[in-house]
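protein-v3.txt (compact mmCIF, C-alpha atoms) appears below.
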# COMPACT_ATOMS: atom_id res chain seq x y z
CA MET J 1 87.78 80.22 93.76
CA GLN J 2 86.84 76.91 92.17
CA VAL J 3 86.44 77.95 88.56
CA TRP J 4 84.50 74.88 87.49
CA GLN J 5 81.62 76.01 89.73
CA ILE J 6 81.57 79.70 88.80
CA ARG J 7 79.24 81.09 86.16
CA ALA J 8 79.33 84.50 84.52
CA ALA J 9 76.37 85.48 86.71
CA ASP J 10 78.44 84.74 89.83
CA LEU J 11 81.19 87.05 88.63
CA GLU J 12 78.72 89.84 87.92
CA ARG J 13 77.25 89.37 91.38
CA ILE J 14 80.71 89.46 92.99
CA ARG J 15 81.44 92.73 91.20
CA SER J 16 78.07 94.22 92.18
CA PHE J 17 78.84 93.70 95.87
CA GLY J 18 81.91 95.89 95.58
CA PHE J 19 84.64 93.26 95.30
CA SER J 20 87.32 94.19 92.78
CA PHE J 21 89.32 90.99 92.23
CA LEU J 22 89.16 87.25 92.66
CA ARG J 23 91.69 84.48 93.19
CA TRP J 24 91.67 81.27 91.20
CA GLY J 25 94.10 78.62 90.07
CA MET J 26 95.77 77.21 86.97
CA SER J 27 96.84 73.58 87.21
CA TRP J 28 100.14 72.89 85.47
CA GLN J 29 99.29 69.26 84.81
CA ALA J 30 95.88 70.19 83.37
CA ILE J 31 97.49 72.60 80.87
CA GLU J 32 100.73 70.84 79.89
CA LYS J 33 99.53 67.34 79.03
CA ARG J 34 102.36 66.68 76.58
CA PRO J 35 105.90 67.96 77.02
CA GLY J 36 106.15 71.53 75.76
CA GLN J 37 102.52 71.66 74.55
CA PHE J 38 100.00 73.81 76.44
CA ASP J 39 96.22 73.51 76.26
CA TRP J 40 94.77 76.89 77.25
CA THR J 41 91.13 76.01 76.50
CA GLU J 42 89.83 76.18 80.08
CA PRO J 43 91.79 79.25 81.28
CA ASP J 44 90.94 81.07 78.03
CA ALA J 45 87.24 80.51 78.70
CA PHE J 46 87.47 81.64 82.31
CA PHE J 47 89.59 84.69 81.52
CA ASP J 48 86.92 85.69 79.01
CA LYS J 49 84.28 85.58 81.77
CA VAL J 50 86.51 87.58 84.10
CA ARG J 51 87.14 90.26 81.45
CA ARG J 52 83.42 90.66 80.89
CA SER J 53 82.83 91.05 84.63
CA GLY J 54 85.38 93.87 85.00
CA LEU J 55 87.20 92.05 87.80
CA SER J 56 90.95 91.58 88.21
CA SER J 57 92.56 88.22 89.00
CA ILE J 58 95.12 86.72 91.31
CA VAL J 59 96.01 83.49 89.50
CA ILE J 60 97.72 80.66 91.37
CA LEU J 61 100.28 78.74 89.31
CA ALA J 62 100.53 75.36 90.97
CA THR J 63 100.37 71.54 91.05
CA GLY J 64 102.96 69.02 90.07
CA ASN J 65 102.94 67.35 86.67
CA PRO J 66 103.34 63.59 86.13
CA LEU J 67 105.37 64.36 82.98
CA TYR J 68 108.14 65.63 85.24
CA GLY J 69 107.75 63.76 88.53
CA ARG J 70 106.41 60.70 90.28
CA GLN J 71 102.90 60.17 91.62
CA LEU J 72 102.42 60.36 95.39
CA GLU J 73 99.77 59.00 97.73
CA LEU J 74 98.51 61.52 100.28
CA ARG J 75 97.28 60.69 103.73
CA PRO J 76 93.54 61.33 104.16
CA ASP J 77 93.01 64.99 105.07
CA PRO J 78 89.83 67.09 105.04
CA THR J 79 91.58 69.79 103.00
CA ALA J 80 92.74 67.39 100.25
CA ARG J 81 90.62 67.06 97.13
CA GLU J 82 92.64 64.16 95.73
CA LEU J 83 94.70 61.50 97.47
CA ARG J 84 96.92 60.67 94.49
CA VAL J 85 98.86 63.67 93.15
CA ALA J 86 101.98 64.49 91.15
CA ALA J 87 105.05 65.43 93.17
CA PRO J 88 105.91 69.15 93.31
CA PRO J 89 108.78 70.33 91.07
CA GLU J 90 111.95 69.96 93.13
CA ASP J 91 114.70 68.81 90.75
CA GLN J 92 116.19 71.12 88.12
CA PRO J 93 114.38 69.69 85.04
CA ALA J 94 110.99 69.92 86.77
CA VAL J 95 111.65 73.44 88.07
CA ALA J 96 112.73 74.57 84.60
CA ALA J 97 109.61 73.03 83.05
CA PHE J 98 107.32 74.71 85.59
CA SER J 99 109.05 78.03 84.90
CA ARG J 100 108.44 77.64 81.16
CA PHE J 101 104.75 76.96 81.85
CA ALA J 102 104.50 80.05 84.08
CA ALA J 103 106.24 82.27 81.53
CA ALA J 104 103.95 80.99 78.77
CA ALA J 105 100.89 81.79 80.90
CA ALA J 106 102.16 85.30 81.68
CA LYS J 107 102.83 85.98 78.01
CA ARG J 108 99.45 84.65 76.86
CA TYR J 109 97.50 86.78 79.34
CA ALA J 110 99.82 89.79 79.40
CA ASN J 111 96.96 92.13 78.46
CA ASP J 112 94.75 91.00 81.35
CA ARG J 113 94.64 92.55 84.81
CA VAL J 114 96.33 89.68 86.57
CA THR J 115 98.77 89.07 89.42
CA TRP J 116 100.62 85.74 89.33
CA GLU J 117 100.96 83.82 92.61
CA ILE J 118 103.53 81.04 92.68
CA TRP J 119 102.00 78.00 94.35
CA ASN J 120 99.49 77.62 97.16
CA GLU J 121 100.41 76.80 100.77
CA PRO J 122 103.84 75.25 100.14
CA ASP J 123 104.22 74.90 103.92
CA SER J 124 101.46 72.27 103.95
CA PRO J 125 102.11 68.59 103.09
CA VAL J 126 98.76 68.56 101.30
CA PHE J 127 100.04 71.04 98.71
CA TRP J 128 103.77 70.23 98.84
CA PRO J 129 103.84 66.48 99.45
CA PRO J 130 105.18 64.42 101.02
CA LYS J 131 106.86 67.09 103.18
CA PRO J 132 107.31 70.86 102.75
CA GLN J 133 110.79 71.86 101.58
CA PRO J 134 111.48 75.59 102.08
CA GLU J 135 114.73 75.62 100.08
CA ALA J 136 113.26 73.66 97.16
CA TYR J 137 110.26 75.96 97.08
CA ALA J 138 112.48 79.05 97.20
CA ARG J 139 114.46 77.80 94.19
CA LEU J 140 111.18 77.30 92.32
CA VAL J 141 110.04 80.85 93.08
CA ALA J 142 113.37 82.40 92.11
CA MET J 143 113.48 80.70 88.71
CA THR J 144 109.75 81.12 88.02
CA CYS J 145 109.60 84.79 88.96
CA SER J 146 112.61 85.50 86.76
CA ALA J 147 111.10 83.58 83.83
CA ILE J 148 107.82 85.50 84.12
CA LYS J 149 109.62 88.86 84.23
CA VAL J 150 111.72 87.98 81.17
CA ALA J 151 108.56 87.07 79.26
CA VAL J 152 106.52 90.04 80.53
CA PRO J 153 108.68 92.63 82.35
CA GLU J 154 105.66 94.50 83.73
CA ALA J 155 104.01 91.35 85.14
CA MET J 156 103.10 91.35 88.83
CA VAL J 157 104.34 88.32 90.77
CA ILE J 158 103.72 87.37 94.40
CA ALA J 159 104.57 84.45 96.70
CA PRO J 160 104.73 82.34 98.88
CA ALA J 161 101.02 81.99 99.83
CA THR J 162 101.93 80.18 103.03
CA ALA J 163 99.13 78.60 105.06
CA SER J 164 100.53 80.50 108.05
CA LEU J 165 101.56 84.10 108.58
CA PRO J 166 105.27 84.90 108.12
CA ILE J 167 105.95 84.98 111.85
CA ARG J 168 104.71 81.36 112.02
CA ALA J 169 106.31 80.16 108.77
CA SER J 170 109.64 81.94 109.04
CA ALA J 171 111.63 79.11 107.39
CA PHE J 172 109.91 79.79 104.05
CA TYR J 173 110.48 83.53 104.15
CA SER J 174 114.09 83.06 105.27
CA ALA J 175 114.70 80.69 102.36
CA LEU J 176 113.12 83.11 99.87
CA ALA J 177 115.16 86.03 101.20
CA LYS J 178 118.38 84.17 100.34
CA THR J 179 117.47 83.82 96.65
CA ASP J 180 116.91 86.17 93.71
CA ALA J 181 113.21 86.04 94.60
CA ALA J 182 113.88 88.66 97.28
CA GLY J 183 114.41 91.28 94.59
CA CYS J 184 112.02 89.88 92.00
CA LEU J 185 108.70 89.58 93.84
CA ASP J 186 106.24 92.47 93.80
CA GLY J 187 104.51 91.39 97.01
CA LEU J 188 104.47 88.75 99.72
CA SER J 189 101.34 86.68 100.18
CA MET J 190 100.14 84.59 103.10
CA HIS J 191 96.99 83.06 104.56
CA SER J 192 95.65 84.14 107.91
CA TYR J 193 93.97 81.00 109.23
CA ARG J 194 94.78 80.34 112.86
CA ILE J 195 93.24 77.51 114.87
CA ILE J 196 94.05 77.59 118.58
CA ARG J 197 92.87 74.66 120.72
CA SER J 198 90.30 73.74 118.03
CA ARG J 199 88.93 77.32 118.04
CA ARG J 200 89.20 79.92 115.31
CA PRO J 201 90.05 83.24 116.98
CA ASP J 202 88.25 86.34 115.73
CA PRO J 203 89.60 88.51 112.89
CA GLU J 204 91.12 91.15 115.16
CA SER J 205 93.41 88.54 116.71
CA VAL J 206 95.49 88.67 113.50
CA GLU J 207 96.76 92.19 114.12
CA PRO J 208 99.68 91.41 116.50
CA ASP J 209 100.84 88.61 114.17
CA ASN J 210 100.69 90.91 111.14
CA LEU J 211 102.77 93.54 112.91
CA ALA J 212 105.29 90.97 114.11
CA SER J 213 105.46 89.52 110.60
CA ARG J 214 106.35 92.92 109.15
CA VAL J 215 109.22 93.25 111.63
CA LEU J 216 110.48 89.78 110.67
CA LEU J 217 110.30 90.55 106.95
CA GLY J 218 112.25 93.77 107.42
CA ARG J 219 114.99 91.85 109.23
CA LEU J 220 115.21 89.32 106.39
CA SER J 221 115.40 91.91 103.59
CA ASN J 222 115.63 95.69 103.55
CA ARG J 223 113.40 95.68 100.47
CA TRP J 224 110.78 93.64 102.30
CA SER J 225 110.36 96.26 105.00
CA THR J 226 108.05 98.16 102.62
CA LEU J 227 107.00 95.47 100.12
CA PRO J 228 103.19 95.00 100.03
CA ILE J 229 101.83 92.15 102.15
CA LEU J 230 98.70 90.47 100.83
CA CYS J 231 96.36 88.04 102.55
CA THR J 232 95.31 85.89 99.59
CA GLU J 233 93.10 83.51 101.55
CA TRP J 234 91.15 83.73 104.80
CA GLY J 235 87.65 82.87 105.86
CA TYR J 236 85.44 81.39 108.54
CA PRO J 237 83.19 78.38 107.89
CA SER J 238 79.53 78.72 108.79
CA SER J 239 79.92 75.42 110.64
CA SER J 240 82.06 77.17 113.29
CA VAL J 241 80.31 80.57 113.48
CA SER J 242 76.73 81.56 112.76
CA SER J 243 75.88 82.69 109.24
CA ALA J 244 75.24 86.21 110.58
CA THR J 245 78.66 86.28 112.26
CA GLN J 246 80.27 84.92 109.10
CA GLN J 247 78.78 87.90 107.27
CA ALA J 248 80.13 90.30 109.90
CA TYR J 249 83.56 88.67 109.67
CA LEU J 250 83.60 89.27 105.90
CA ALA J 251 84.12 92.98 106.56
CA ARG J 252 86.14 92.52 109.73
CA VAL J 253 88.89 90.36 108.17
CA TYR J 254 89.47 93.18 105.67
CA LEU J 255 89.46 95.85 108.38
CA ALA J 256 91.74 93.92 110.76
CA ASN J 257 94.25 93.36 107.97
CA LEU J 258 94.09 96.97 106.81
CA ALA J 259 94.64 98.23 110.36
CA SER J 260 97.83 96.14 110.68
CA GLY J 261 99.50 96.81 107.34
CA VAL J 262 98.05 94.15 105.01
CA THR J 263 96.99 95.85 101.80
CA ALA J 264 94.64 93.29 100.23
CA THR J 265 92.43 90.49 101.52
CA VAL J 266 90.82 87.59 99.66
CA TRP J 267 87.86 85.94 101.38
CA TYR J 268 87.73 82.15 101.11
CA GLU J 269 85.33 81.43 99.51
CA TRP J 270 82.46 82.80 97.41
CA LYS J 271 80.52 79.54 97.15
CA ASP J 272 80.90 76.25 99.04
CA SER J 273 83.07 74.16 96.71
CA ARG J 274 82.12 70.91 98.43
CA ASP J 275 78.86 69.47 99.66
CA GLU J 276 80.04 67.26 102.52
CA VAL J 277 78.11 68.23 105.65
CA ALA J 278 80.62 66.73 108.12
CA ASN J 279 83.66 68.32 106.44
CA PRO J 280 84.49 71.85 107.72
CA GLU J 281 86.01 72.59 104.30
CA SER J 282 82.47 72.45 102.89
CA HIS J 283 81.21 75.52 104.74
CA PHE J 284 83.54 78.45 103.98
CA GLY J 285 81.36 79.90 101.21
CA LEU J 286 79.11 82.92 101.51
CA LEU J 287 76.76 80.86 99.34
CA THR J 288 75.81 77.22 99.65
CA ALA J 289 77.02 74.79 97.00
CA GLN J 290 73.57 75.20 95.42
CA GLY J 291 74.07 78.97 95.09
CA ALA J 292 71.86 80.35 97.90
CA PHE J 293 73.22 83.06 100.20
CA LYS J 294 73.53 81.95 103.82
CA VAL J 295 73.19 85.62 104.77
CA GLU J 296 73.41 88.13 101.95
CA PRO J 297 76.52 90.35 102.24
CA ASP J 298 76.04 94.06 102.91
CA GLY J 299 76.99 95.30 99.46
CA GLU J 300 76.66 98.97 100.36
CA LEU J 301 79.09 98.58 103.28
CA ILE J 302 81.64 96.64 101.21
CA ARG J 303 81.53 99.18 98.39
CA ARG J 304 82.08 102.04 100.84
CA LEU J 305 84.92 100.31 102.67
CA VAL J 306 86.93 99.55 99.55
CA GLY J 307 86.32 103.06 98.23
CA MET J 308 87.55 104.91 101.32
CA LYS J 309 91.13 105.76 102.31
CA PHE J 310 92.28 104.24 105.59
CA ILE J 311 93.95 106.77 107.94
CA ARG J 312 94.53 105.11 111.31
CA GLN J 313 93.05 103.23 114.22
CA VAL J 314 91.04 105.22 116.75
CA GLU J 315 91.39 104.62 120.48
CA SER J 316 88.29 103.67 122.44
CA ALA J 317 87.72 103.62 126.19
CA VAL J 318 85.87 100.31 125.81
CA PRO J 319 88.24 97.45 124.87
CA GLN J 320 85.60 95.56 122.90
CA VAL J 321 84.87 98.57 120.69
CA GLN J 322 86.96 98.69 117.53
CA ALA J 323 87.19 101.86 115.46
CA LEU J 324 89.13 102.95 112.37
CA LEU J 325 89.34 106.39 110.80
CA PHE J 326 88.84 106.69 107.04
CA GLU J 327 88.68 109.55 104.57
CA GLU J 328 85.77 109.57 102.13
CA GLY J 329 85.98 112.48 99.74
CA ASN J 330 86.54 115.46 102.05
CA THR J 331 84.80 113.85 105.02
CA ASN J 332 86.19 111.86 107.94
CA GLN J 333 84.35 108.64 108.64
CA ILE J 334 84.59 106.29 111.60
CA VAL J 335 84.10 102.59 110.91
CA ALA J 336 83.20 100.97 114.23
CA TRP J 337 82.02 97.64 115.56
CA LEU J 338 81.88 95.48 118.67
CA ARG J 339 84.53 92.80 118.88
CA SER J 340 82.23 89.85 119.43
CA ASP J 341 81.08 86.67 117.72
CA ASP J 342 77.57 87.10 119.12
CA ASP J 343 75.41 88.99 116.62
CA ALA J 344 72.85 89.77 119.36
CA ARG J 345 75.25 91.80 121.53
CA THR J 346 75.16 95.61 121.26
CA ILE J 347 76.70 98.64 122.95
CA SER J 348 75.82 102.34 122.76
CA VAL J 349 78.57 104.84 121.96
CA SER J 350 78.94 108.42 120.80
CA ILE J 351 80.85 109.13 117.58
CA SER J 352 81.76 112.81 117.30
CA GLY J 353 78.62 113.67 119.24
CA ARG J 354 76.31 111.30 117.36
CA ALA J 355 74.68 108.40 119.19
CA ALA J 356 75.36 105.02 117.62
CA VAL J 357 74.57 101.44 118.54
CA LEU J 358 77.33 98.98 117.69
CA SER J 359 77.04 95.26 117.08
CA ASN J 360 79.56 92.80 115.67
CA ARG J 361 78.80 94.17 112.18
CA PRO J 362 80.79 97.31 111.26
CA ILE J 363 78.94 100.56 110.59
CA VAL J 364 80.12 103.85 109.05
CA VAL J 365 79.43 107.11 110.93
CA PRO J 366 80.73 110.63 110.07
CA GLY J 367 83.31 111.82 112.59
CA ASP J 368 86.83 111.35 113.86
CA GLN J 369 86.53 110.23 117.50
CA ILE J 370 84.53 107.79 119.58
CA GLU J 371 83.35 107.99 123.16
CA ALA J 372 81.72 105.43 125.42
CA GLY J 373 77.96 105.65 125.70
CA GLY J 374 75.57 104.62 128.41
CA HIS J 375 73.66 101.52 127.42
CA SER J 376 75.01 98.05 126.73
CA ASN J 377 73.57 94.58 126.56
CA ALA J 378 77.04 93.06 126.24
CA HIS J 379 77.73 90.36 128.76

Representation of the structure as structure tokens:
Amino acid sequence: MQVWQIRAADLERIRSFGFSFLRWGMSWQAIEKRPGQFDWTEPDAFFDKVRRSGLSSIVILATGNPLYGRQLELRPDPTARELRVAAPPEDQPAVAAFSRFAAAAAKRYANDRVTWEIWNEPDSPVFWPPKPQPEAYARLVAMTCSAIKVAVPEAMVIAPATASLPIRASAFYSALAKTDAAGCLDGLSMHSYRIIRSRRPDPESVEPDNLASRVLLGRLSNRWSTLPILCTEWGYPSSSVSSATQQAYLARVYLANLASGVTATVWYEWKDSRDEVANPESHFGLLTAQGAFKVEPDGELIRRLVGMKFIRQVESAVPQVQALLFEEGNTNQIVAWLRSDDDARTISVSISGRAAVLSNRPIVVPGDQIEAGGHSNAH
């Protein structure tokens, strides 16, 4: 979330739709402008808005700081917001300084509902220029996590927020597993973007990679076999799918992750943080940069999904039909949808004897099993 664009009304709206937390960033260089002196003016103001909204936060601690490293020129990239940035903290003095900043932040906001995430996409040269360094990043996490826990023992800390899933960024997880970070972190975070031959596969395509990632993590560390996995960034731009399909995918990214062992999902992003028509990075928001919904999210569905207890996947005779079993109070509920990016396609099914018409938008129907129906306009 780009905090400079978010008003208190946005946060209230986010909460009203059933979302319970948001992810935003603290820039080290914006807060420590003189050695050892921290200016908390901007994060103080934003934390105050978040408290009033009733939301929790995942806060990214990131960016280099010119006080402790050289300036670098980035190659032009659609994901980069600036082309001249401070180098990431790789040598011991810079790592120690970053750790002091992180510990100070944790101590200042110890009474807030916050999870600290160390860096953003360190496997990308845009965020760890000029070239990602798994071992250097792992040293940063180990020292920073330890510093946060010394300052606030009950603090929640996650990493590494890789741009790729663990199975596709194994060097970073292997490096982390060899440091004290393996026993310090409270969760492992990653981003679920996958672009294959210029296409963005649908949300359900993540499930095999999530399952394979869990196996990899268990091999790297016994503790990691059960440590929570969080998807702290994933979305689909409305320039690559229709606005209606983007809305359907909002629920489906959560459901696909839940079905394959990922406990939390952050949609990127609430509002378009850029207004560059030709740049795909300008179209990930549910709202335009001007604040208008492209298609208004189904708040009732989101509230129900996050309030129900996931039980298991449900087998269907039709491969395109996806179904999950939830518990809501004392009632079993099937959440079902058609695996499609075409919002006009439908298929008829029977859910525990009740007729239902599925599209690419999930629906909730009482029951615990699903059977194929008769009518379909799928093609």

List as number ranges by chain the protein and nucleic acid residues near region 279-290 of chain J, meaning an atom at most 9 Å away when all atoms listed in the file are counted, but skip any in the same chain fewer than 4 places from it. J: 5, 78-79, 235-240, 243, 246-247, 250, 267-275, 294-297

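Here CA of Ser359 (chain J) is placed at a distance of 7.9 Å from CA of Ser340 (chain J).
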
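Nearest residue to Arg345 (chain J), choosing from J:Gln320, J:Val241, J:Met26, J:Val364 and counting all atoms listed in the file: J:Gln320.
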
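Ranking J:Ala106, J:Asp10, J:Asp39, J:Leu227 by their shortest atom-to-atom distance to Ala292 (chain J), with all atoms listed in the file included, puts J:Asp10 first.
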
Can you tell me, as a CSV table (one decimal) with C-alpha atoms, in the frame of the given file, what residues are no more than 6 Å from Ser57 (chain J) when counting all atoms listed in the file, ignoring any on the same chain fewer than 2 positions away?
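Resulting contents of result19.csv:
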chain,number,residue,atom,x,y,z
J,21,PHE,CA,89.3,91.0,92.2
J,22,LEU,CA,89.2,87.2,92.7
J,23,ARG,CA,91.7,84.5,93.2
J,59,VAL,CA,96.0,83.5,89.5
J,114,VAL,CA,96.3,89.7,86.6

Please, what distance in Å, to one decimal, runs between CA of Gln369 (chain J) and CA of Ile334 (chain J)? 7.4 Å
